[in-house]
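Asks: Quick one, structure_17.cif (mmCIF, C-alpha atoms):
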data_entry
loop_
_atom_site.group_PDB
_atom_site.id
_atom_site.type_symbol
_atom_site.label_atom_id
_atom_site.label_comp_id
_atom_site.auth_asym_id
_atom_site.auth_seq_id
_atom_site.Cartn_x
_atom_site.Cartn_y
_atom_site.Cartn_z
ATOM 1 C CA MET A 108 0.000 0.000 0.000
ATOM 2 C CA ASN A 109 1.312 3.459 -0.932
ATOM 3 C CA ARG A 110 2.747 5.302 2.036
ATOM 4 C CA TYR A 111 1.002 8.558 1.169
ATOM 5 C CA VAL A 112 -2.010 7.696 -1.005
ATOM 6 C CA ASN A 113 -4.133 5.125 0.820
ATOM 7 C CA PRO A 114 -7.723 4.867 2.115
ATOM 8 C CA ALA A 115 -6.899 6.097 5.644
ATOM 9 C CA ASN A 116 -5.086 9.234 4.452
ATOM 10 C CA ALA A 117 -7.865 9.868 1.920
ATOM 11 C CA ILE A 118 -10.412 9.860 4.759
ATOM 12 C CA THR A 119 -8.198 12.170 6.839
ATOM 13 C CA ALA A 120 -7.760 14.573 3.891
ATOM 14 C CA ALA A 121 -11.515 14.460 3.163
ATOM 15 C CA ARG A 122 -12.090 16.220 6.495
ATOM 16 C CA TYR A 123 -10.911 19.486 4.881
ATOM 17 C CA LEU A 124 -13.937 19.281 2.581
ATOM 18 C CA THR A 125 -16.193 19.996 5.564
ATOM 19 C CA LEU A 126 -14.647 23.441 6.153
ATOM 20 C CA PRO A 127 -16.074 25.477 3.199
ATOM 21 C CA PRO A 128 -19.697 24.298 3.665
ATOM 22 C CA PHE A 129 -19.328 24.918 7.419
ATOM 23 C CA VAL A 130 -18.515 28.603 6.748
ATOM 24 C CA HIS A 131 -21.204 28.797 4.033
ATOM 25 C CA TRP A 132 -23.995 27.590 6.314
ATOM 26 C CA LEU A 133 -22.774 29.470 9.380
ATOM 27 C CA ASP A 134 -22.726 32.671 7.303
ATOM 28 C CA ARG A 135 -26.345 32.089 6.276
ATOM 29 C CA GLY A 136 -27.516 31.249 9.776
ATOM 30 C CA GLN A 137 -28.136 27.605 8.886
ATOM 31 C CA TYR A 138 -26.655 26.378 12.160
ATOM 32 C CA GLN A 139 -27.988 22.832 11.991
ATOM 33 C CA TYR A 140 -26.276 22.180 8.650
ATOM 34 C CA ALA A 141 -23.079 23.777 10.015
ATOM 35 C CA MET A 142 -23.351 21.432 13.003
ATOM 36 C CA LEU A 143 -23.718 18.518 10.583
ATOM 37 C CA MET A 144 -20.331 19.435 9.057
ATOM 38 C CA VAL A 145 -18.724 19.405 12.525
ATOM 39 C CA VAL A 146 -20.242 15.966 13.190
ATOM 40 C CA VAL A 147 -18.989 14.665 9.802
ATOM 41 C CA CYS A 148 -15.483 16.052 10.465
ATOM 42 C CA GLY A 149 -15.405 14.481 13.953
ATOM 43 C CA GLY A 150 -16.852 11.213 12.617
ATOM 44 C CA LEU A 151 -14.177 10.935 9.910
ATOM 45 C CA ASP A 152 -11.552 11.563 12.619
ATOM 46 C CA LEU A 153 -12.933 8.575 14.532
ATOM 47 C CA ILE A 154 -12.856 6.138 11.606
ATOM 48 C CA ASP A 155 -9.556 6.961 9.870
ATOM 49 C CA GLY A 156 -7.527 5.026 12.443
ATOM 50 C CA ALA A 157 -9.816 2.003 12.122
ATOM 51 C CA VAL A 158 -9.538 2.143 8.301
ATOM 52 C CA ALA A 159 -5.720 2.304 8.593
ATOM 53 C CA ARG A 160 -5.753 -0.910 10.641
ATOM 54 C CA LEU A 161 -8.321 -2.550 8.363
ATOM 55 C CA PHE A 162 -6.285 -1.899 5.191
ATOM 56 C CA ASN A 163 -2.954 -2.330 7.004
ATOM 57 C CA CYS A 164 -1.771 1.092 5.850
ATOM 58 C CA ALA A 165 -0.897 2.781 9.171
ATOM 59 C CA SER A 166 2.203 4.959 8.858
ATOM 60 C CA GLY A 167 4.088 7.735 10.623
ATOM 61 C CA PHE A 168 3.034 10.085 7.857
ATOM 62 C CA GLY A 169 -0.617 9.159 8.440
ATOM 63 C CA GLU A 170 -0.308 9.889 12.171
ATOM 64 C CA LEU A 171 1.306 13.242 11.426
ATOM 65 C CA LEU A 172 -1.333 14.099 8.816
ATOM 66 C CA ASP A 173 -4.057 13.195 11.314
ATOM 67 C CA ALA A 174 -2.550 15.391 14.049
ATOM 68 C CA ILE A 175 -2.058 18.344 11.668
ATOM 69 C CA THR A 176 -5.595 17.925 10.285
ATOM 70 C CA ASP A 177 -6.995 17.893 13.844
ATOM 71 C CA ALA A 178 -5.201 21.146 14.643
ATOM 72 C CA ILE A 179 -6.167 22.890 11.387
ATOM 73 C CA CYS A 180 -9.822 21.766 11.284
ATOM 74 C CA PHE A 181 -10.683 22.348 14.947
ATOM 75 C CA GLY A 182 -8.605 25.543 15.064
ATOM 76 C CA PHE A 183 -10.431 26.748 11.943
ATOM 77 C CA PHE A 184 -13.846 25.935 13.457
ATOM 78 C CA LEU A 185 -12.950 27.871 16.630
ATOM 79 C CA VAL A 186 -11.664 30.927 14.742
ATOM 80 C CA VAL A 187 -14.707 31.029 12.453
ATOM 81 C CA LEU A 188 -17.078 30.685 15.428
ATOM 82 C CA GLY A 189 -15.211 33.521 17.158
ATOM 83 C CA TRP A 190 -15.411 35.626 13.968
ATOM 84 C CA TYR A 191 -19.189 35.149 13.747
ATOM 85 C CA GLY A 192 -19.611 35.880 17.464
ATOM 86 C CA ARG A 193 -20.766 32.374 18.389
ATOM 87 C CA LEU A 194 -17.822 31.943 20.802
ATOM 88 C CA PRO A 195 -16.115 34.661 22.902
ATOM 89 C CA TRP A 196 -12.771 35.745 21.395
ATOM 90 C CA LEU A 197 -10.623 35.747 24.527
ATOM 91 C CA PRO A 198 -10.867 32.026 25.467
ATOM 92 C CA VAL A 199 -10.743 31.062 21.756
ATOM 93 C CA LEU A 200 -7.436 32.927 21.326
ATOM 94 C CA GLY A 201 -6.229 31.416 24.615
ATOM 95 C CA ILE A 202 -7.076 27.858 23.506
ATOM 96 C CA ILE A 203 -5.355 28.310 20.127
ATOM 97 C CA GLY A 204 -2.321 30.038 21.674
ATOM 98 C CA ILE A 205 -1.850 27.320 24.295
ATOM 99 C CA GLY A 206 -2.282 24.675 21.589
ATOM 100 C CA ILE A 207 0.542 26.255 19.553
ATOM 101 C CA ILE A 208 2.795 26.475 22.646
ATOM 102 C CA ASN A 209 2.041 22.810 23.435
ATOM 103 C CA ALA A 210 2.978 21.804 19.869
ATOM 104 C CA GLY A 211 6.297 23.653 20.290
ATOM 105 C CA PHE A 212 7.015 21.830 23.563
ATOM 106 C CA ARG A 213 6.288 18.521 21.831
ATOM 107 C CA ALA A 214 8.955 19.339 19.250
ATOM 108 C CA VAL A 215 11.405 20.089 22.098
ATOM 109 C CA TYR A 216 10.484 16.766 23.708
ATOM 110 C CA ALA A 217 11.108 14.902 20.450
ATOM 111 C CA ARG A 218 14.553 16.545 20.317
ATOM 112 C CA ARG A 219 15.248 15.565 23.945
ATOM 113 C CA VAL A 220 14.326 11.947 23.247
ATOM 114 C CA GLY A 221 16.445 12.014 20.083
ATOM 115 C CA ARG A 222 13.892 10.454 17.766
ATOM 116 C CA ALA A 223 10.497 11.219 16.298
ATOM 117 C CA VAL A 224 8.353 10.196 19.273
ATOM 118 C CA ASN A 225 5.187 11.859 20.421
ATOM 119 C CA TYR A 226 4.554 12.294 24.143
ATOM 120 C CA ARG A 227 1.265 10.530 24.857
ATOM 121 C CA SER A 228 -0.919 12.741 27.010
ATOM 122 C CA TYR A 229 -4.053 10.905 28.145
ATOM 123 C CA ALA A 230 -5.481 14.154 29.517
ATOM 124 C CA MET A 231 -4.889 16.070 26.267
ATOM 125 C CA GLU A 232 -6.584 13.289 24.268
ATOM 126 C CA ARG A 233 -9.718 13.837 26.345
ATOM 127 C CA LEU A 234 -9.445 17.596 26.051
ATOM 128 C CA VAL A 235 -9.191 17.472 22.237
ATOM 129 C CA ALA A 236 -12.435 15.471 22.159
ATOM 130 C CA TYR A 237 -13.938 18.072 24.498
ATOM 131 C CA THR A 238 -12.846 20.842 22.099
ATOM 132 C CA VAL A 239 -14.862 19.157 19.334
ATOM 133 C CA TYR A 240 -17.851 19.409 21.639
ATOM 134 C CA LEU A 241 -17.028 23.057 22.339
ATOM 135 C CA VAL A 242 -17.316 23.678 18.581
ATOM 136 C CA GLY A 243 -20.717 21.943 18.615
ATOM 137 C CA PHE A 244 -21.857 24.005 21.605
ATOM 138 C CA GLY A 245 -20.679 27.151 19.829
ATOM 139 C CA VAL A 246 -22.654 26.342 16.672
ATOM 140 C CA ALA A 247 -25.758 25.494 18.702
ATOM 141 C CA ASP A 248 -25.263 28.545 21.004
ATOM 142 C CA PHE A 249 -25.500 26.109 23.915
ATOM 143 C CA GLU A 250 -23.830 27.780 26.942
ATOM 144 C CA ALA A 251 -21.003 28.648 24.542
ATOM 145 C CA ALA A 252 -19.291 31.216 26.808
ATOM 146 C CA TYR A 253 -19.333 28.861 29.808
ATOM 147 C CA PHE A 254 -17.906 25.931 27.818
ATOM 148 C CA SER A 255 -15.250 28.181 26.214
ATOM 149 C CA TRP A 256 -13.902 29.394 29.558
ATOM 150 C CA VAL A 257 -14.109 25.915 31.101
ATOM 151 C CA THR A 258 -12.172 24.407 28.184
ATOM 152 C CA PHE A 259 -9.559 27.163 28.428
ATOM 153 C CA ALA A 260 -9.126 26.683 32.194
ATOM 154 C CA VAL A 261 -8.775 22.882 31.959
ATOM 155 C CA MET A 262 -6.394 23.285 29.007
ATOM 156 C CA VAL A 263 -4.090 25.534 31.069
ATOM 157 C CA ILE A 264 -3.906 22.860 33.807
ATOM 158 C CA VAL A 265 -3.297 20.013 31.325
ATOM 159 C CA VAL A 266 -0.603 21.926 29.392
ATOM 160 C CA LEU A 267 1.172 22.868 32.648
ATOM 161 C CA HIS A 268 1.219 19.169 33.592
ATOM 162 C CA ASP A 269 2.358 18.056 30.133
ATOM 163 C CA THR A 270 5.043 20.756 29.978
ATOM 164 C CA LYS A 271 6.532 19.520 33.247
ATOM 165 C CA ARG A 272 6.459 15.945 31.941
ATOM 166 C CA MET A 273 8.027 16.834 28.596
ATOM 167 C CA LEU A 274 10.609 19.445 29.613
ATOM 168 C CA ILE A 275 11.498 18.817 33.281
ATOM 169 C CA ASP A 276 10.947 15.142 34.128
ATOM 170 C CA PRO A 277 13.685 12.723 32.990
ATOM 171 C CA VAL A 278 13.101 10.997 29.665
ATOM 172 C CA PRO A 279 12.323 7.287 30.190
ATOM 173 C CA GLU A 280 14.377 4.562 28.532
ATOM 174 C CA GLY A 281 11.520 2.865 26.669
ATOM 175 C CA ALA A 282 9.004 4.408 24.307
ATOM 176 C CA GLU A 283 6.140 6.257 25.941
ATOM 177 C CA MET B 143 -33.498 23.911 9.003
ATOM 178 C CA ILE B 144 -33.577 20.166 9.505
ATOM 179 C CA VAL B 145 -35.660 20.233 12.707
ATOM 180 C CA SER B 146 -37.133 22.961 14.908
ATOM 181 C CA ASP B 147 -34.856 24.929 17.278
ATOM 182 C CA LEU B 148 -36.336 23.225 20.335
ATOM 183 C CA GLN B 149 -35.833 19.760 18.846
ATOM 184 C CA PHE B 150 -32.260 20.747 17.956
ATOM 185 C CA MET B 151 -31.557 21.812 21.543
ATOM 186 C CA TRP B 152 -32.961 18.530 22.848
ATOM 187 C CA PHE B 153 -30.763 16.670 20.379
ATOM 188 C CA VAL B 154 -27.664 18.561 21.648
ATOM 189 C CA THR B 155 -28.738 17.871 25.249
ATOM 190 C CA PHE B 156 -29.241 14.123 24.752
ATOM 191 C CA ALA B 157 -26.036 13.789 22.696
ATOM 192 C CA SER B 158 -24.098 15.598 25.436
ATOM 193 C CA LEU B 159 -25.573 13.511 28.248
ATOM 194 C CA LEU B 160 -24.995 10.284 26.288
ATOM 195 C CA ILE B 161 -21.339 11.172 25.785
ATOM 196 C CA CYS B 162 -21.061 12.190 29.455
ATOM 197 C CA ALA B 163 -22.499 8.803 30.487
ATOM 198 C CA ILE B 164 -20.192 6.783 28.210
ATOM 199 C CA TRP B 165 -16.979 8.755 28.837
ATOM 200 C CA GLY B 166 -17.771 9.186 32.547
ATOM 201 C CA ALA B 167 -18.336 5.456 33.045
ATOM 202 C CA ARG B 168 -15.137 4.659 31.132
ATOM 203 C CA ASP B 169 -12.990 7.070 33.134
ATOM 204 C CA VAL B 170 -14.434 6.038 36.499
ATOM 205 C CA TYR B 171 -13.814 2.390 35.523
ATOM 206 C CA LEU B 172 -10.220 3.212 34.496
ATOM 207 C CA LEU B 173 -9.659 5.081 37.763
ATOM 208 C CA PHE B 174 -10.893 2.165 39.859
ATOM 209 C CA LYS B 175 -8.888 -0.251 37.711
ATOM 210 C CA ASN B 176 -5.617 1.687 37.782
ATOM 211 C CA LEU B 177 -5.553 3.305 41.223
ATOM 212 C CA PRO B 178 -5.280 0.208 43.430
ATOM 213 C CA ARG B 179 -2.844 -1.493 41.052
ATOM 214 C CA ARG B 180 0.172 0.074 42.668
ATOM 215 C CA GLY B 181 0.760 1.642 46.047
ATOM 216 C CA ARG B 182 1.732 5.180 46.866
ATOM 217 C CA ALA B 183 5.389 4.160 46.772
ATOM 218 C CA ALA B 184 5.107 3.649 43.002
ATOM 219 C CA TRP B 185 3.762 7.151 42.453
ATOM 220 C CA LYS B 186 7.177 8.644 41.603
ATOM 221 C CA ASP B 187 8.509 5.642 39.701
ATOM 222 C CA HIS B 188 5.744 4.961 37.205
ATOM 223 C CA ARG B 189 5.165 8.147 35.278
ATOM 224 C CA GLN B 190 3.062 6.640 32.519
ATOM 225 C CA TRP B 191 0.738 5.107 35.115
ATOM 226 C CA ARG B 192 0.542 8.521 36.762
ATOM 227 C CA ASP B 193 -0.301 10.076 33.369
ATOM 228 C CA GLN B 194 -3.162 7.579 32.967
ATOM 229 C CA ILE B 195 -4.537 8.494 36.401
ATOM 230 C CA PHE B 196 -4.241 12.214 35.615
ATOM 231 C CA GLY B 197 -5.970 11.661 32.260
ATOM 232 C CA SER B 198 -8.878 9.850 33.917
ATOM 233 C CA VAL B 199 -9.203 12.549 36.600
ATOM 234 C CA VAL B 200 -9.299 15.235 33.887
ATOM 235 C CA GLY B 201 -11.871 13.110 32.034
ATOM 236 C CA VAL B 202 -14.124 12.929 35.101
ATOM 237 C CA VAL B 203 -13.722 16.672 35.758
ATOM 238 C CA ILE B 204 -14.725 17.677 32.230
ATOM 239 C CA ILE B 205 -17.692 15.295 32.349
ATOM 240 C CA VAL B 206 -18.886 16.971 35.567
ATOM 241 C CA LEU B 207 -18.327 20.421 34.006
ATOM 242 C CA GLY B 208 -20.266 19.257 30.927
ATOM 243 C CA ILE B 209 -23.243 18.170 33.046
ATOM 244 C CA ILE B 210 -23.142 21.518 34.883
ATOM 245 C CA GLY B 211 -23.226 23.275 31.475
ATOM 246 C CA VAL B 212 -26.296 21.317 30.371
ATOM 247 C CA VAL B 213 -28.073 22.105 33.662
ATOM 248 C CA ARG B 214 -27.094 25.800 33.351
ATOM 249 C CA PHE B 215 -28.529 25.952 29.826
ATOM 250 C CA TRP B 216 -31.909 24.455 30.697
ATOM 251 C CA SER B 217 -32.233 26.469 33.929
ATOM 252 C CA THR B 218 -32.136 29.691 31.868
ATOM 253 C CA TYR B 219 -33.764 28.524 28.593
#
Can you turn what I pasted into structure tokens?
Replies:
Amino acid sequence: MNRYVNPANAITAARYLTLPPFVHWLDRGQYQYAMLMVVVCGGLDLIDGAVARLFNCASGFGELLDAITDAICFGFFLVVLGWYGRLPWLPVLGIIGIGIINAGFRAVYARRVGRAVNYRSYAMERLVAYTVYLVGFGVADFEAAYFSWVTFAVMVIVVLHDTKRMLIDPVPEGAE
Amino acid sequence: MIVSDLQFMWFVTFASLLICAIWGARDVYLLFKNLPRRGRAAWKDHRQWRDQIFGSVVGVVIIVLGIIGVVRFWSTY
């Protein structure tokens, strides 16, 4: 199976197709259709890993593409929702800023370990899923300000923990 | 519009509570499974185990915060 062009990466790349219709429907006040695009994007994120295992085409490139697509799609949703006033700007900027800082620390960690290894943060995995829900709450105008600030506050705690683990704690011998 | 606004809000509410129930049950199960596995002496030596515990605690916290958000919404709707 081709390292770059395979069913799993095609599904991951297809998630970008949800972004233009999301903006289109949000701009026209068709929030339920915009929500549908968020659900489709999140759903494709859930199945691409399973497809990679099914077709035996899992690769480092696929993992990287998935992580980058997560950041771009969910970051894009947050920015657009902030632009249209569905989410408050301050926590949105905070969430994106902390996400960028966390990505930088992960690069430092990979350099410390001396190989391309990603620090597995169980807390951040949960928080990313929560961010998808924040996007949904923003589209539906469902306590959007409350969920934005809550997500921001929990993200600060998780990134402080992960930063200590990645930059201060000793690097373990085996893979994490 | 696919459904009415009220139906849409009920859909968001039930979807949120369903996820809270599934994720909450999973994280509470993982906490009860992982916590007694090692004693307090292992706390400093097993960082990945500690990360799992921290992840589950964060999971439970955001589930509780999610339920509070749903209650807040319907108390002012």
Asks: For chain B, report every residue with an atom at most 7 Å from chain A (counting all atoms listed in the file), formatted as a PyMOL selection string.
Replies: chain B and resi 143-144+193-194+196-197+200-201+211+215
Asks: Step by step: start from the point (9.1, 19.9, 32.3) in the file's coordinates, keep every protein, DNA or RNA residue that has an atom no farther than 12 Å from it, count only C-alpha atoms, and write the set as a PyMOL selection string.
Replies: chain A and resi 209+212-213+215-216+219+266-278
Asks: Work out how far apart atom CA of A:Leu151 and atom CA of A:Pro114 are and give it in Å to one decimal.
Replies: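 Here the two named atoms are 11.8 Å from each other.
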Asks: List the spatial neighbours of B:Asp169 as a list in words - criterion: any atom at most 12 Å away, all atoms listed in the file, same-chain residues fewer than 3 positions off excluded.
Replies: Tyr229, Ala230 and Arg233 of chain A; Ile161, Cys162, Ala163, Ile164, Trp165, Gly166, Leu172, Leu173, Phe174, Lys175, Asn176, Leu177, Gln194, Ile195, Phe196, Gly197, Ser198, Val199, Val200, Gly201, Val202, Val203, Ile204, Ile205 and Val206 of chain B
Asks: With only C-alpha atoms as the atoms that count, which of A:Ala165, A:Ile203, A:Ala210, A:Ile118 lies nearest to A:Phe181?
Replies: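 Smallest separation from A:Phe181 among the options: A:Ile203.
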Asks: Provide the atom CA of A:Phe183 to atom CA of A:Thr119 distance in Å, to one decimal place.
Replies: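 Straight-line distance from atom CA of A:Phe183 to atom CA of A:Thr119 works out to 15.6 Å.
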Asks: Exactly which residues make up the result of the PyMOL selection byres ((chain A and resi 174) around 12) on this file, given as a PyMOL selection string?
Replies: chain A and resi 116+119-120+152+155-156+167-173+175-182+206+210+225+232+235
Asks: Run the PyMOL selection byres ((chain A and resi 124) around 12) on the file and write out the hits as a list in words.
Replies: Ala117, Ile118, Thr119, Ala120, Ala121, Arg122, Tyr123, Thr125, Leu126, Pro127, Pro128, Phe129, Val130, Met144, Val145, Val147, Cys148, Leu151, Thr176 and Cys180 of chain A
